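Notes for the one structure printed next.
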2 protein chains.
Amino acid sequence: MDWVAAALDGDRRALARLLSFVENGTPEGQAALAALFPKAGHAHIVGITGSPGAGKSTLVGKLVKVFRERGAPLAIVAVDPSSPYSGGALLGDRLRMQQVTPDSGVFIRSMASRGHPGGIAHATRDVLAVLDAVGFPLILVETVGAGQAQVEVASVAHTVVLVEAPGMGDDVQALKAGLMEIADIIVVNKADRPEARQTVRALKSVRQGVQQKGHHGLSPEAVSDAVEAWPFPILETIAIENEGIAGLADTICDHRAYLRASGQWNLLLRRHARAEIEAWLQRHLLTLLEERASTADLEASVRLVLQREKDPASVARALLRSLMGADTCD
Amino acid sequence: MDWVAAALDGDRRALARLLSFVENGTPEGQAALAALFPKAGHAHIVGITGSPGAGKSTLVGKLVKVFRERGAPLAIVAVDPSSPYSGGALLGDRLRMQQVTPDSGVFIRSMASRGHPGGIAHATRDVLAVLDAVGFPLILVETVGAGQAQVEVASVAHTVVLVEAPGMGDDVQALKAGLMEIADIIVVNKADRPEARQTVRALKSVRQGVQQKGHHGLSPEAVSDAVEAWPFPILETIAIENEGIAGLADTICDHRAYLRASGQWNLLLRRHARAEIEAWLQRHLLTLLEERASTADLEASVRLVLQREKDPASVARALLRSLMGADTCD
């Protein structure tokens, strides 16, 4: 069966199957990626991240509903380190509980954090490329739980939404610690809680510092003069009561318009392309290492390090040199 | 000045200087690493991680006091993504506030998460190797804030302590999501809070699941039969009142004894060595890429991807092939 053709034709079961090949890095998956690559590059990829307990799942459920009512099909990818397996089931259940009918306009996919040959970031990029190529104009990437996935979402998304709950944002030091610098939109969910006001205030003070540094790692000079700077909005929502969700959807669309108008869209694409090439370089190198360096060579290297006869940097240099064949000049 | 000799001789300013060279990946730093490498491999490296707000800093401060009273010198490394610069100042201030006198037996070092040529995990490993080599028998690595650092601490530590506050541990899904699987000891701090009991209960239920899977990623079969399995203790502390801290120090030492007796110590060293060799391979490769591939080549590759003429995997394969010189066979 030609899974690529079927997936392009709108067959969702074929798409799910294809994504499994791609996630597992099978030859079939790699061929599909290469075949689909020219068709990708149109989707708006929105990362949704934040601390556990901020109500992200509910928020995503409501957001999906709003976007669906507006018409366009969308895909949701949950990077879920707690899930032992990939597929659609787990996330589907969560969304069903929030009364999002998994109609034909919504495609959902859970990704476990383990079992991807090139790491979760790599697998996520590949899955997104496929969803993009088969024509979803909007893809939400939700990170479940804490840790690495939160940080990596920024390397694949065009727009990053950081969801905080009242009280959680008060640890200013923690906020500065990375996550806020990658966010484009901040949401204080559960905004009816008494601590909400203080949290918004704390977030605004952190925002100032981040803005001065130049947002999203792109230097302010990179932004076209003709366009006003992105205001880095801090929104308040009560997801469970559907409050503020339409506004969040609008802001997400505004951010896309801003990226396009300011020229940052192209900068982001360039940066993503470069990161992806480097990731593939590393992955190819490790494959090469497994193919060419015998297990005995590798074991011998590890032994040299364990016996403290050679340091890891030197051992790696020697291994690389032997991989490179003739080159023994340095 | 011979910084290595001075650092080995106990000169703390020389050590600090040396660590800066190492962190920045200067040739001097790399030479020092190679020179010190044979002397390392004796320290017990203890990672201390957990959610922001769990009271980790206070806990570490009290723990340092207990260990100091027992006599051995120790080093503390704070991997601090919120800090714009590396050095000792920030962490020193925090510890001073907690009345830990930075006497000559305690060496403290803050590491910013940015500005390390090979990434923070790489820089942390290098800093730890130096501290180990100059003779600290115990090194605490504290991660500040959330994100990647928390996950990476497991790749450098022998013993991982996960600190939770009451209420924070109730999101069982989030806990399962990675962090708990890397922990050897769990601490519920602020144990006098009313929610503490429920948190301990929730943690115990998660622990069961983790234990069944085989702890710390090492399969249960790898453990020598002669040694009982590590009980994966869940401790309660009230750091601010110094309660439970001595018990935590004991448990950390117990874990080291367990690792040694069970044979897992050697397994960990083997795994760390292999991870380090692979990290250096990647780093050498990127250096090579910068040296050999002209900027024009790299830019041309990025352009091919942006114009969707070639996918990143193919572009990377071609780049790697050109780096490898003569080899054009596949």
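Each chain of the structure tokens is named A, B, ... in the order shown, its residues numbered from 1; ligands are numbered from 1 in display order.
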
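For Asp254 in chain A, the set of protein, DNA and RNA residues having any atom at most 12 Å away, when counting only C-alpha atoms and skipping those fewer than 5 positions along the same chain, is His44, Thr159, Asp184, Ile185, Trp230, Pro231, Phe232, Pro233, Gly247, Leu248, Ala249, Leu259, Arg260, Ala261 and Ser262 of chain A.
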
Would you mind exporting C-alpha atoms of the selected residues as a tab-separated table (two decimals), in the first residue's frame?
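Wrote selection14.tsv, looks like this:
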```tsv
chain	number	residue	atom	x	y	z
A	44	HIS	CA	1.51	27.37	11.54
A	159	THR	CA	4.50	30.50	18.22
A	184	ASP	CA	5.47	34.49	22.60
A	185	ILE	CA	2.19	34.53	24.48
A	230	TRP	CA	5.35	42.10	19.28
A	231	PRO	CA	3.73	43.23	22.54
A	232	PHE	CA	4.34	39.86	24.24
A	233	PRO	CA	0.80	39.65	25.59
A	247	GLY	CA	-9.15	35.88	22.63
A	248	LEU	CA	-6.28	33.43	22.88
A	249	ALA	CA	-7.12	32.00	19.46
A	259	LEU	CA	5.82	36.94	12.16
A	260	ARG	CA	4.95	37.22	8.49
A	261	ALA	CA	4.84	41.01	8.40
A	262	SER	CA	8.02	41.53	10.40
```

Which residues come within 8 Å of range 124-132 of chain A, counting only C-alpha atoms, excluding same-chain residues fewer than 6 positions away, as a PyMOL selection string? chain A and resi 19+22-23+33+36-37+39-43+75+79+111+139+156

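Between CA of Ala246 in chain A and CA of Ile76 in chain A lies a distance of 17.7 Å.
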
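All residues of protein, DNA or RNA that reach within 7 Å of Leu306 in chain B, judged by only C-alpha atoms and not counting those fewer than 3 positions away in the chain, are Arg270 and Ala273 of chain A; Val302 and Arg303 of chain B.
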
Output for the residues just chosen: C-alpha atoms as a compact mmCIF listing (two decimals), in the first residue's frame:
```
# COMPACT_ATOMS: atom_id res chain seq x y z
CA ARG A 270 16.11 29.53 8.56
CA ALA A 273 16.38 24.43 8.94
CA VAL B 302 20.28 25.75 4.45
CA ARG B 303 19.03 27.40 1.27
```

Go through A:Ile252, A:Leu203, A:Leu298, A:Leu59 one by one, measure the shortest atom-to-atom distance of each to Pro312 in chain A using only C-alpha atoms, and give the residue with the smallest value.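 Looking at the shortest contact to Pro312 in chain A, the residue is A:Leu298.
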
Surrounding residues of Glu241 in chain B excluding itself and chain neighbours under 5 positions, 12 Å, only C-alpha atoms, as a ChimeraX atom specification: /B:58-59,61-62,98,189-192,246

Extract, using only C-alpha atoms, all DNA, RNA and protein residues at most 7 Å from range 2-9 of chain B, discarding same-chain residues fewer than 2 positions from it, and format them as an MDAnalysis selection string. chainID B and resid 11:12 14:15 18 32 134

Only N, CA and C atoms, please: the residues just picked out, written as a compact mmCIF listing (two decimals), in the first residue's frame.
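Printed below is out.txt as written:
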```txt
# COMPACT_ATOMS: atom_id res chain seq x y z
N ASP B 11 44.75 25.46 45.87
CA ASP B 11 44.52 26.89 45.66
C ASP B 11 43.14 27.09 45.02
N ARG B 12 42.23 27.65 45.81
CA ARG B 12 40.84 27.75 45.36
C ARG B 12 40.63 28.80 44.27
N ALA B 14 42.87 29.50 41.97
CA ALA B 14 43.37 28.84 40.76
C ALA B 14 42.32 27.87 40.24
N LEU B 15 41.66 27.17 41.16
CA LEU B 15 40.62 26.22 40.76
C LEU B 15 39.49 26.94 40.04
N LEU B 18 40.60 27.93 36.63
CA LEU B 18 40.68 26.72 35.81
C LEU B 18 39.30 26.30 35.31
N ALA B 32 43.87 21.15 30.35
CA ALA B 32 43.75 20.87 31.77
C ALA B 32 42.89 19.63 32.00
N VAL B 134 40.60 17.17 41.52
CA VAL B 134 41.38 17.88 42.54
C VAL B 134 41.07 17.37 43.95
```

Selection near Arg70 in chain B, 12 Å with only C-alpha atoms, sequence-local residues under 3 positions removed, as a count of residues only: 13

For a quick check of understanding, using only C-alpha atoms, which of A:Ala54, A:Ala154, A:Val305, A:Ala313 has the smallest distance to His272 in chain B?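 The shortest atom-to-atom distance to His272 in chain B comes from A:Val305.
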
Distance criterion (only C-alpha atoms): nearest to chain A out of B:Ala35, B:Gly244, B:Gly71, B:Glu164: B:Ala35

Nearest candidate to Thr26 in chain B (options B:Ala123, B:Ile186, B:Ala78, B:Val46; using only C-alpha atoms): B:Ala123

Take CA of Arg292 in chain A and CA of Leu281 in chain B and report the distance between them in Å, one decimal.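 Spanning CA of Arg292 in chain A to CA of Leu281 in chain B is a straight-line distance of 14.2 Å.
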
For the atom pair CA of Arg109 in chain B and CA of Val77 in chain B, what is the interatomic distance in Å to one decimal place? 4.8 Å
